[in-house]
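J.: File my_file.tsv below, TSV, C-alpha atoms:
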chain	number	residue	atom	x	y	z
A	1	MET	CA	12.57	-10.23	-15.75
A	2	ALA	CA	9.64	-12.01	-17.38
A	3	THR	CA	10.43	-14.65	-20.02
A	4	VAL	CA	9.09	-14.37	-23.59
A	5	ASP	CA	6.57	-17.07	-22.72
A	6	GLN	CA	5.31	-15.08	-19.72
A	7	GLN	CA	5.15	-11.86	-21.72
A	8	LEU	CA	3.16	-13.48	-24.52
A	9	LYS	CA	0.76	-15.05	-22.04
A	10	LYS	CA	0.28	-11.74	-20.29
A	11	GLY	CA	-0.38	-10.03	-23.60
A	12	VAL	CA	-3.26	-12.29	-24.58
A	13	LEU	CA	-4.80	-12.76	-21.16
A	14	GLU	CA	-7.36	-9.98	-21.47
A	15	ILE	CA	-8.56	-11.38	-24.81
A	16	LEU	CA	-8.86	-14.92	-23.46
A	17	VAL	CA	-10.70	-13.85	-20.33
A	18	LEU	CA	-13.09	-11.65	-22.29
A	19	CYS	CA	-13.70	-14.49	-24.75
A	20	ILE	CA	-14.58	-16.98	-22.00
A	21	ILE	CA	-16.88	-14.53	-20.24
A	22	GLU	CA	-18.58	-13.76	-23.53
A	23	GLU	CA	-19.67	-17.40	-23.80
A	24	GLN	CA	-21.09	-17.61	-20.30
A	25	ASP	CA	-21.09	-15.83	-16.95
A	26	VAL	CA	-18.33	-17.21	-14.74
A	27	TYR	CA	-16.93	-16.81	-11.24
A	28	GLY	CA	-13.22	-16.40	-10.51
A	29	TYR	CA	-12.30	-19.99	-9.71
A	30	GLU	CA	-14.35	-21.28	-12.62
A	31	LEU	CA	-12.55	-18.91	-14.98
A	32	ILE	CA	-9.13	-20.16	-13.88
A	33	LYS	CA	-10.21	-23.78	-14.32
A	34	THR	CA	-11.82	-23.16	-17.71
A	35	LEU	CA	-8.71	-21.46	-19.02
A	36	GLU	CA	-6.53	-24.25	-17.70
A	37	GLU	CA	-8.67	-27.00	-19.22
A	38	ARG	CA	-9.11	-25.37	-22.60
A	39	SER	CA	-5.40	-24.67	-22.94
A	40	ASP	CA	-4.47	-28.20	-21.84
A	41	GLY	CA	-2.70	-26.80	-18.81
A	42	TYR	CA	-0.71	-24.19	-20.74
A	43	PHE	CA	-2.45	-21.30	-18.99
A	44	VAL	CA	-2.29	-21.97	-15.26
A	45	LEU	CA	-3.46	-18.67	-13.91
A	46	LYS	CA	-2.75	-17.53	-10.39
A	47	GLU	CA	-5.01	-15.21	-8.44
A	48	GLY	CA	-2.47	-12.39	-8.49
A	49	SER	CA	-2.58	-12.47	-12.30
A	50	LEU	CA	-6.31	-13.05	-12.74
A	51	TYR	CA	-7.79	-10.35	-10.57
A	52	PRO	CA	-5.76	-7.40	-11.91
A	53	VAL	CA	-7.01	-8.38	-15.40
A	54	MET	CA	-10.58	-8.51	-14.10
A	55	TYR	CA	-10.17	-5.09	-12.47
A	56	ARG	CA	-8.89	-3.59	-15.72
A	57	LEU	CA	-11.75	-5.08	-17.73
A	58	GLU	CA	-14.28	-3.91	-15.15
A	59	ASP	CA	-12.80	-0.41	-15.01
A	60	LYS	CA	-12.94	-0.16	-18.81
A	61	GLY	CA	-16.58	-1.19	-18.67
A	62	TYR	CA	-16.08	-4.42	-20.66
A	63	ILE	CA	-17.33	-6.69	-17.90
A	64	GLU	CA	-19.38	-6.27	-14.76
A	65	SER	CA	-19.81	-8.37	-11.64
A	66	TYR	CA	-22.91	-9.39	-9.78
A	67	ARG	CA	-23.74	-11.70	-6.88
A	68	LYS	CA	-25.76	-14.84	-7.32
A	69	GLU	CA	-27.00	-17.30	-4.69
A	70	THR	CA	-25.49	-20.74	-5.16
A	71	GLU	CA	-26.55	-24.12	-3.96
A	72	GLY	CA	-24.48	-26.22	-1.63
A	73	LYS	CA	-21.58	-25.47	0.64
A	74	ARG	CA	-21.19	-21.73	0.44
A	75	GLY	CA	-23.44	-19.54	2.51
A	76	VAL	CA	-22.62	-16.30	0.70
A	77	PRO	CA	-23.65	-15.40	-2.84
A	78	ARG	CA	-20.92	-16.02	-5.38
A	79	LYS	CA	-19.44	-13.19	-7.43
A	80	TYR	CA	-20.03	-13.75	-11.14
A	81	TYR	CA	-18.71	-11.79	-14.09
A	82	ARG	CA	-20.65	-11.05	-17.26
A	83	ILE	CA	-19.70	-9.24	-20.44
A	84	THR	CA	-21.26	-5.85	-21.24
A	85	ASP	CA	-22.39	-4.64	-24.66
A	86	ASN	CA	-19.33	-2.46	-24.71
A	87	GLY	CA	-17.17	-5.49	-23.94
A	88	ARG	CA	-18.81	-7.53	-26.68
A	89	ASP	CA	-18.14	-4.79	-29.25
A	90	ASN	CA	-14.59	-4.50	-28.03
A	91	LEU	CA	-14.04	-8.24	-28.26
A	92	LYS	CA	-15.15	-8.25	-31.91
A	93	GLU	CA	-12.60	-5.56	-32.69
A	94	ILE	CA	-9.86	-7.33	-30.72
A	95	LEU	CA	-10.47	-10.61	-32.54
A	96	VAL	CA	-10.10	-8.89	-35.92
A	97	THR	CA	-6.87	-7.30	-34.72
A	98	TRP	CA	-5.68	-10.60	-33.28
A	99	LYS	CA	-6.22	-12.49	-36.55
A	100	GLN	CA	-4.37	-9.81	-38.42
A	101	PHE	CA	-1.55	-9.86	-35.89
A	102	ARG	CA	-1.28	-13.66	-35.86
A	103	ASP	CA	-1.31	-13.92	-39.69
A	104	THR	CA	1.31	-11.21	-40.02
A	105	VAL	CA	3.59	-12.76	-37.43
A	106	ASP	CA	3.20	-16.19	-39.08
A	107	VAL	CA	4.13	-14.70	-42.45
A	108	VAL	CA	7.20	-12.99	-41.04
A	109	LEU	CA	8.23	-16.12	-39.18
A	110	LYS	CA	7.44	-18.27	-42.25
A	111	LEU	CA	5.35	-20.67	-40.18
B	112	MET	CA	-12.72	-19.94	12.32
B	113	SER	CA	-11.47	-20.29	8.73
B	114	GLU	CA	-13.31	-17.09	7.83
B	115	LYS	CA	-11.13	-15.21	10.32
B	116	ARG	CA	-7.97	-16.87	9.00
B	117	PHE	CA	-8.94	-16.04	5.43
B	118	ARG	CA	-9.62	-12.41	6.32
B	119	ARG	CA	-6.33	-12.11	8.20
B	120	TYR	CA	-4.45	-13.63	5.27
B	121	ALA	CA	-6.17	-11.30	2.79
B	122	ARG	CA	-5.33	-8.28	4.91
B	123	ASP	CA	-1.73	-9.43	5.16
B	124	VAL	CA	-1.54	-9.65	1.38
B	125	VAL	CA	-3.13	-6.22	0.88
B	126	ALA	CA	-0.85	-4.66	3.49
B	127	GLN	CA	2.13	-5.86	1.48
B	128	ILE	CA	0.71	-4.69	-1.86
B	129	GLN	CA	0.45	-1.12	-0.59
B	130	CYS	CA	-2.31	0.04	-2.88
B	131	ASP	CA	-5.12	2.55	-2.42
B	132	ALA	CA	-8.03	1.74	-0.11
B	133	VAL	CA	-10.56	0.97	-2.89
B	134	THR	CA	-8.26	-1.52	-4.62
B	135	GLY	CA	-7.35	-2.94	-1.22
B	136	ARG	CA	-11.00	-3.69	-0.41
B	137	ARG	CA	-11.53	-5.20	-3.86
B	138	ILE	CA	-8.55	-7.50	-3.45
B	139	THR	CA	-9.50	-8.46	0.11
B	140	ASP	CA	-13.00	-9.53	-0.99
B	141	ASP	CA	-11.70	-11.47	-3.99
B	142	ILE	CA	-9.00	-13.29	-2.04
B	143	ILE	CA	-11.51	-14.31	0.63
B	144	GLU	CA	-13.93	-15.53	-2.02
B	145	MET	CA	-11.22	-17.52	-3.80
B	146	LEU	CA	-10.09	-19.05	-0.50
B	147	GLU	CA	-13.65	-20.10	0.27
B	148	GLU	CA	-14.03	-21.69	-3.18
B	149	LYS	CA	-10.74	-23.54	-3.00
B	150	SER	CA	-11.23	-24.51	0.61
B	151	ALA	CA	-14.58	-26.16	-0.21
B	152	ILE	CA	-13.07	-28.09	-3.12
B	153	GLU	CA	-9.69	-29.01	-1.69
B	154	ARG	CA	-10.99	-29.56	1.85
B	155	MET	CA	-8.26	-27.47	3.38
B	156	ASP	CA	-8.53	-24.25	5.36
B	157	ASN	CA	-4.91	-23.18	5.47
B	158	PRO	CA	-4.73	-20.02	3.29
B	159	VAL	CA	-1.00	-20.42	2.65
B	160	GLY	CA	-1.60	-23.97	1.44
B	161	LEU	CA	-4.38	-22.74	-0.85
B	162	LEU	CA	-2.90	-19.56	-2.32
B	163	GLY	CA	0.76	-19.62	-1.27
B	164	PRO	CA	2.69	-17.29	1.02
B	165	ALA	CA	1.12	-13.84	1.41
B	166	ALA	CA	4.33	-12.09	0.31
B	167	GLU	CA	4.44	-14.05	-2.99
B	168	LEU	CA	0.80	-13.35	-3.78
B	169	ALA	CA	1.32	-9.67	-2.92
B	170	ASP	CA	4.31	-9.51	-5.31
B	171	GLU	CA	2.23	-11.04	-8.08
B	172	PHE	CA	-0.58	-8.56	-7.53
B	173	ARG	CA	1.84	-5.65	-7.48
B	174	GLU	CA	3.46	-6.73	-10.72
B	175	ASN	CA	0.14	-7.22	-12.51
B	176	LEU	CA	-1.39	-4.04	-11.14
B	177	GLY	CA	1.62	-2.17	-12.51
B	178	LEU	CA	2.67	-0.90	-9.09
B	179	GLU	CA	6.28	-0.01	-8.40
B	180	LYS	CA	8.41	-2.68	-6.88
B	181	ILE	CA	8.89	-2.05	-3.18
B	182	ALA	CA	12.46	-1.77	-1.99
B	183	ALA	CA	13.25	-5.14	-0.50
B	184	LEU	CA	13.84	-5.37	3.22
B	185	PRO	CA	16.81	-7.36	4.47
B	186	SER	CA	15.96	-10.94	5.43
B	187	GLY	CA	14.51	-11.26	8.90
B	188	PHE	CA	12.43	-8.11	8.54
B	189	ARG	CA	8.68	-7.98	8.03
B	190	GLU	CA	6.56	-5.09	6.96
B	191	TYR	CA	2.89	-4.30	7.51
B	192	LYS	CA	1.23	-1.33	5.90
B	193	SER	CA	-2.39	-0.26	6.06
B	194	GLY	CA	-4.38	0.02	2.86
B	195	VAL	CA	-6.18	3.01	4.37
B	196	TYR	CA	-4.50	6.32	3.58
B	197	ILE	CA	-5.12	9.62	5.38
B	198	LEU	CA	-3.44	12.80	4.12
B	199	GLY	CA	-1.31	10.64	1.84
B	200	LEU	CA	-0.01	8.53	4.71
B	201	PRO	CA	-1.00	4.96	5.47
B	202	LEU	CA	-2.94	4.58	8.70
B	203	TYR	CA	-0.15	2.38	10.01
B	204	HIS	CA	3.25	1.24	8.80
B	205	VAL	CA	5.16	-1.27	10.84
B	206	ILE	CA	8.61	-2.72	10.14
B	207	LEU	CA	9.65	-5.52	12.44
B	208	GLY	CA	12.99	-7.29	12.65
B	209	ASN	CA	16.28	-7.52	14.42
B	210	GLY	CA	18.90	-4.88	13.78
B	211	PHE	CA	18.63	-1.84	11.59
B	212	THR	CA	17.40	-1.28	8.06
B	213	LYS	CA	17.67	1.86	5.98
B	214	LYS	CA	13.99	1.65	5.08
B	215	GLY	CA	11.93	3.64	7.54
B	216	ALA	CA	8.34	3.16	8.63
B	217	LYS	CA	6.19	6.09	7.55
B	218	GLY	CA	2.53	6.46	8.50
B	219	ILE	CA	-0.05	8.05	10.77
B	220	PHE	CA	1.12	5.40	13.25
B	221	ALA	CA	4.68	4.38	12.39
B	222	PHE	CA	6.72	1.76	14.14
B	223	GLY	CA	10.14	0.49	13.11
B	224	PRO	CA	13.87	0.82	13.54
B	225	ALA	CA	13.44	4.26	11.99
B	226	ALA	CA	9.95	5.72	12.12
B	227	VAL	CA	8.34	8.91	10.86
B	228	GLY	CA	4.68	9.67	11.52
B	229	ILE	CA	2.05	11.49	13.48
B	230	VAL	CA	2.68	8.96	16.23
B	231	ALA	CA	6.12	7.45	15.67
B	232	ALA	CA	7.93	4.86	17.74
B	233	GLY	CA	11.29	3.27	17.05
B	234	ALA	CA	15.00	3.28	17.66
B	235	ALA	CA	15.05	6.63	15.88
B	236	SER	CA	11.72	8.37	15.53
B	237	VAL	CA	10.34	11.65	14.27
B	238	GLY	CA	6.70	12.55	14.83
B	239	VAL	CA	4.17	14.82	16.44
B	240	ILE	CA	4.22	12.32	19.27
B	241	SER	CA	7.57	10.58	19.13
B	242	LEU	CA	8.88	7.70	21.21
B	243	GLY	CA	12.26	6.05	20.83
B	244	ALA	CA	15.88	5.74	21.78
B	245	LEU	CA	16.45	8.90	19.77
B	246	SER	CA	13.20	10.82	19.35
B	247	VAL	CA	12.41	14.15	17.81
B	248	GLY	CA	8.94	15.63	17.76
B	249	VAL	CA	6.45	18.04	19.22
B	250	PHE	CA	6.06	15.76	22.23
B	251	SER	CA	9.01	13.41	22.58
B	252	LEU	CA	9.83	10.58	24.89
B	253	GLY	CA	13.06	8.62	24.69
B	254	GLY	CA	16.63	7.98	25.64
B	255	MET	CA	17.52	11.20	23.93
B	256	ALA	CA	14.43	13.27	23.31
B	257	VAL	CA	14.03	16.58	21.57
B	258	GLY	CA	10.55	18.07	21.74
B	259	LEU	CA	9.30	21.25	20.18
B	260	LEU	CA	6.90	21.61	23.13
B	261	ALA	CA	7.88	18.92	25.60
B	262	ALA	CA	10.52	16.25	25.99
B	263	VAL	CA	10.94	13.46	28.50
B	264	GLY	CA	14.03	11.26	28.54
B	265	GLY	CA	17.56	10.52	29.66
B	266	LEU	CA	18.64	13.64	27.86
B	267	ALA	CA	15.61	15.81	27.26
B	268	VAL	CA	15.59	19.05	25.34
B	269	GLY	CA	12.18	20.70	25.27
B	270	GLY	CA	11.02	23.90	23.67
B	271	ASP	CA	8.76	24.55	26.62
B	272	ILE	CA	9.07	21.69	29.11
B	273	ALA	CA	11.78	19.07	29.64
B	274	VAL	CA	11.90	16.27	32.17
B	275	GLY	CA	14.83	13.86	32.40
B	276	GLY	CA	18.24	12.90	33.65
B	277	MET	CA	19.54	16.00	32.01
B	278	ALA	CA	16.74	18.39	31.14
B	279	VAL	CA	17.08	21.56	29.13
B	280	ALA	CA	14.07	23.72	28.38
B	281	ASN	CA	13.01	27.24	27.73
B	282	SER	CA	10.34	27.42	30.37
B	283	LEU	CA	10.42	24.49	32.81
B	284	ALA	CA	13.12	21.87	33.33
B	285	ILE	CA	12.99	19.07	35.84
B	286	GLY	CA	15.77	16.54	36.28
B	287	GLY	CA	19.05	15.43	37.77
B	288	TYR	CA	20.64	18.33	35.98
B	289	ALA	CA	18.00	20.87	35.01
B	290	VAL	CA	18.62	23.99	32.98
B	291	ALA	CA	15.91	26.46	31.97
B	292	LYS	CA	15.35	30.11	31.27
B	293	ASP	CA	12.44	30.34	33.76
B	294	ILE	CA	12.17	27.46	36.24
B	295	ALA	CA	14.44	24.51	37.02
B	296	ILE	CA	13.80	21.81	39.58
B	297	GLY	CA	16.24	19.03	40.37
B	298	GLY	CA	19.58	17.91	41.76
B	299	VAL	CA	21.71	20.56	40.12
B	300	THR	CA	19.81	23.46	38.63
B	301	SER	CA	20.27	26.62	36.64
B	302	ALA	CA	17.38	29.03	35.95
B	303	LYS	CA	15.78	32.29	37.04
B	304	LEU	CA	13.84	30.38	39.71
B	305	MET	CA	15.22	27.12	41.06
B	306	ALA	CA	14.44	24.34	43.51
B	307	TYR	CA	17.56	22.25	44.02
B	308	ASN	CA	18.75	19.26	46.02
B	309	GLN	CA	22.51	19.48	45.66
B	310	SER	CA	23.56	22.77	44.13
B	311	TYR	CA	22.59	25.53	41.75
B	312	GLN	CA	24.28	27.78	39.26
B	313	ILE	CA	23.27	31.32	38.43
B	314	PRO	CA	22.65	31.47	34.68
B	315	PRO	CA	25.34	33.55	32.94
B	316	MET	CA	22.82	36.14	31.70
B	317	LEU	CA	21.49	36.82	35.22
B	318	ASP	CA	23.09	38.25	38.33
B	319	GLU	CA	22.68	36.93	41.83
B	320	SER	CA	19.99	39.47	42.71
B	321	THR	CA	17.64	38.35	39.93
B	322	ALA	CA	18.05	34.56	40.28
B	323	ILE	CA	16.27	32.87	43.15
B	324	ALA	CA	17.12	29.44	44.51
B	325	PHE	CA	15.27	27.32	47.07
B	326	ARG	CA	16.32	24.06	48.63
B	327	MET	CA	13.87	21.28	47.88
B	328	THR	CA	12.86	21.27	51.53
B	329	TYR	CA	11.28	24.69	50.90
B	330	MET	CA	9.11	23.59	48.01
B	331	LYS	CA	6.05	25.35	49.37
B	332	ASP	CA	7.85	28.68	49.27
B	333	PHE	CA	9.24	27.83	45.86
B	334	VAL	CA	5.74	27.18	44.49
B	335	ASN	CA	4.45	30.46	45.94
B	336	LYS	CA	7.35	32.31	44.33
B	337	ALA	CA	6.74	30.57	41.02
B	338	THR	CA	3.09	31.68	41.08
B	339	GLU	CA	4.17	35.23	41.88
B	340	LEU	CA	6.92	35.44	39.24
B	341	PHE	CA	5.17	33.48	36.50
B	342	PRO	CA	1.42	34.12	36.84
B	343	ASP	CA	0.94	33.24	33.18
B	344	PHE	CA	2.28	29.72	33.57
B	345	GLY	CA	-0.23	27.38	31.97
B	346	PRO	CA	-2.19	24.78	33.91
B	347	VAL	CA	-0.03	21.91	32.65
B	348	LYS	CA	3.17	23.45	34.00
B	349	LYS	CA	1.43	24.37	37.27
B	350	MET	CA	0.24	20.79	37.54
B	351	ILE	CA	3.74	19.44	36.93
B	352	ILE	CA	5.21	21.69	39.63
B	353	GLU	CA	2.46	20.64	42.06
B	354	ALA	CA	3.16	17.02	41.21
B	355	VAL	CA	6.85	17.48	42.03
B	356	ARG	CA	5.94	19.12	45.34
B	357	TRP	CA	3.54	16.29	46.07
B	358	GLY	CA	6.27	13.78	45.15
B	359	GLN	CA	8.62	15.42	47.61
B	360	GLY	CA	5.96	15.05	50.29
B	361	ILE	CA	6.03	18.74	51.06
Would you mind writing the structure in this file as structure tokens?
T.:
Amino acid sequence: MATVDQQLKKGVLEILVLCIIEEQDVYGYELIKTLEERSDGYFVLKEGSLYPVMYRLEDKGYIESYRKETEGKRGVPRKYYRITDNGRDNLKEILVTWKQFRDTVDVVLKL
Amino acid sequence: MSEKRFRRYARDVVAQIQCDAVTGRRITDDIIEMLEEKSAIERMDNPVGLLGPAAELADEFRENLGLEKIAALPSGFREYKSGVYILGLPLYHVILGNGFTKKGAKGIFAFGPAAVGIVAAGAASVGVISLGALSVGVFSLGGMAVGLLAAVGGLAVGGDIAVGGMAVANSLAIGGYAVAKDIAIGGVTSAKLMAYNQSYQIPPMLDESTAIAFRMTYMKDFVNKATELFPDFGPVKKMIIEAVRWGQGI
């Protein structure tokens, strides 16, 4: 049974991932690290949590992946994710909903 | 070298997730890519050290993909399932471990304490081709084998052909104790036409004038009689009879 903390994290993961990808194209490992750094280690994402989110976003058409040659150690092109126009529109809507949700919860909780 | 290890690890994870083939390929590629990234940064090529045990990662994927939780196997058992499905069955499903578990292996190729598949092997198995201590199928081989067409085993019951310690078949039975409607070959026999070593019994539905018995030493005559009485015997059965004759050196 997931804890409240885990459930809340899971609930906002799609928004956070979409938000990071909207700023710049990222690859999987980079996304995990960015999320970890920005949240001061609060969001330590594992691969089994990250990729299902990416699959859902890709299947909904909010993000798409492409391969890009990289310098250095790796011989194979890296898989990057970028946001689509559809994803950008969706993110705008989600952020409005999120603000409304957060404000309402804060009011109810008297925070 | 590490590429092979990464691929093997990824396949192990996917086999335990038990998802469709497309998702399986997606996950395999992503796990390998993540392993390569982490391996380059952390200077380590042990996949378990980089991403944790395959079973744990598979559980996490399953949970986040919204897949049903798989019934847990008792400790000491391991399970491998192909991500490739044909006719709704995984290409292979293997359950390994000591003892018995209620969970059966089910696949095109199934192997486990209890196995059901097109080709099934296990302590108890059911399949088109079935091998096991107790096997039931179209073609069965096992300690106790029941085959819709053919069975080979300690106790073999075959719809058409049976070969074994005790063999019972409709058409052709060969064994220590062989019982058939048409032909029986063995130590003790009972059939319309028999080749026996020790003794024979006339089947209850026949009388002595319609049942014919030959001692094994007269196999040549037995084969001639078989050809005369059963001209429609298929090539496989003819071949088996010839093989027995050849085995007797007659």
J.: Please identify all polymer residues within 10 Å of B:Lys336, counting all atoms listed in the file, omitting same-chain residues fewer than 6 positions from it, and present them as a ChimeraX atom specification.
T.: /B:304-305,323,325,330,342
J.: Quick one: residues within 10 Å of A:Ser65, all atoms listed in the file, excluding same-chain residues fewer than 2 positions away - as an MDAnalysis selection string?
T.: chainID A and resid 25:27 54 58 63 67:68 78:83
J.: Give me a file of those residues, with C-alpha atoms, as a PDB file, in the frame of the given file.
T.:
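Writing the result to result_12.pdb gives the following:
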ATOM      1  CA  ASP A  25     -21.090 -15.830 -16.950  1.00  0.00           C
ATOM      2  CA  VAL A  26     -18.330 -17.210 -14.740  1.00  0.00           C
ATOM      3  CA  TYR A  27     -16.930 -16.810 -11.240  1.00  0.00           C
ATOM      4  CA  MET A  54     -10.580  -8.510 -14.100  1.00  0.00           C
ATOM      5  CA  GLU A  58     -14.280  -3.910 -15.150  1.00  0.00           C
ATOM      6  CA  ILE A  63     -17.330  -6.690 -17.900  1.00  0.00           C
ATOM      7  CA  ARG A  67     -23.740 -11.700  -6.880  1.00  0.00           C
ATOM      8  CA  LYS A  68     -25.760 -14.840  -7.320  1.00  0.00           C
ATOM      9  CA  ARG A  78     -20.920 -16.020  -5.380  1.00  0.00           C
ATOM     10  CA  LYS A  79     -19.440 -13.190  -7.430  1.00  0.00           C
ATOM     11  CA  TYR A  80     -20.030 -13.750 -11.140  1.00  0.00           C
ATOM     12  CA  TYR A  81     -18.710 -11.790 -14.090  1.00  0.00           C
ATOM     13  CA  ARG A  82     -20.650 -11.050 -17.260  1.00  0.00           C
ATOM     14  CA  ILE A  83     -19.700  -9.240 -20.440  1.00  0.00           C
TER      15      ILE A  83
END
J.: Near B:Val125, within 8 Å and counting all atoms listed in the file, which residues show up once chain neighbours fewer than 3 positions away are dropped, as an MDAnalysis selection string?
T.: chainID B and resid 121:122 128:130 135 138:139 169 193:194
J.: When you get a sec, could you note down which chain A residues fall within 6 Å of chain B, using all atoms listed in the file, as JSON, numbers by chain?
T.: {"A": [48, 49, 52]}
J.: Mind giving me the straight-line distance from atom CA of B:Pro315 to atom CA of B:Met277 in Å, one decimal?
T.: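 A separation of 18.5 Å between them.
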J.: Report, in Å to a single decimal, how far apart atom CA of B:Ala256 and atom CA of B:Leu198 are.
T.: 26.2 Å
J.: Just the residues within 6 Å of B:Ser251, please, counting only C-alpha atoms, with nothing from its chain fewer than 6 positions along; format it as a list in words.
T.: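 After dropping sequence-adjacent residues, the list is Ile240, Ser241, Leu242, Gly258 and Ala262 of chain B.
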J.: In Å to one decimal, how far is atom CA of B:Ala280 from atom CA of B:Pro224?
T.: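 Computing it gives 27.3 Å between the two atoms.
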J.: Nearest to A:Glu22 among A:Tyr55, A:Asn86, A:Phe101, A:Val108, with distances taken over all atoms listed in the file: which residue is it?
T.: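 Result for the nearest residue to A:Glu22: A:Asn86.
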J.: Which of these residues is nearest to A:Leu13, using all atoms listed in the file: A:Val44, A:Gly28, A:Val53, A:Pro77?
T.: A:Val53
J.: Determine, counting only C-alpha atoms, which protein, DNA and RNA residues have an atom within 7 Å of an atom of B:Ala231; residues of the same chain fewer than 5 positions away are not included. Present the result as a list of chain:residue names.
T.: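 Selected residues are B:Phe220, B:Ala221, B:Phe222, B:Ala226, B:Ser236, B:Val237, B:Gly238, B:Ile240, B:Ser241, B:Leu242.
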J.: Could you check which of B:Thr321, B:Ile143, B:Arg356, B:Met350 is closest to B:Ala306, using only C-alpha atoms?
T.: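 That would be B:Arg356, the residue with the smallest distance to B:Ala306.
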J.: Show me the residues around (4.2, 20.2, 19.5) - criterion: an atom at most 9 Å away, only C-alpha atoms counted - as a PyMOL selection string.
T.: chain B and resi 239-240+248-251+258-261+270
J.: Could you take the residues named above and write them with C-alpha atoms, as a compact mmCIF listing (two decimals), keeping the file's coordinate frame?
T.:
# COMPACT_ATOMS: atom_id res chain seq x y z
CA VAL B 239 4.17 14.82 16.44
CA ILE B 240 4.22 12.32 19.27
CA GLY B 248 8.94 15.63 17.76
CA VAL B 249 6.45 18.04 19.22
CA PHE B 250 6.06 15.76 22.23
CA SER B 251 9.01 13.41 22.58
CA GLY B 258 10.55 18.07 21.74
CA LEU B 259 9.30 21.25 20.18
CA LEU B 260 6.90 21.61 23.13
CA ALA B 261 7.88 18.92 25.60
CA GLY B 270 11.02 23.90 23.67
J.: Using all atoms listed in the file, which of the listed residues (B:Ala132, B:Leu200, B:Val355, B:Met155) sits closest to B:Ser113?
T.: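 Closest candidate: B:Met155.
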J.: Pick the closest to B:Gly215 from B:Leu317, B:Ala337, B:Met255, B:Ala235: which is it, counting all atoms listed in the file?
T.: B:Ala235
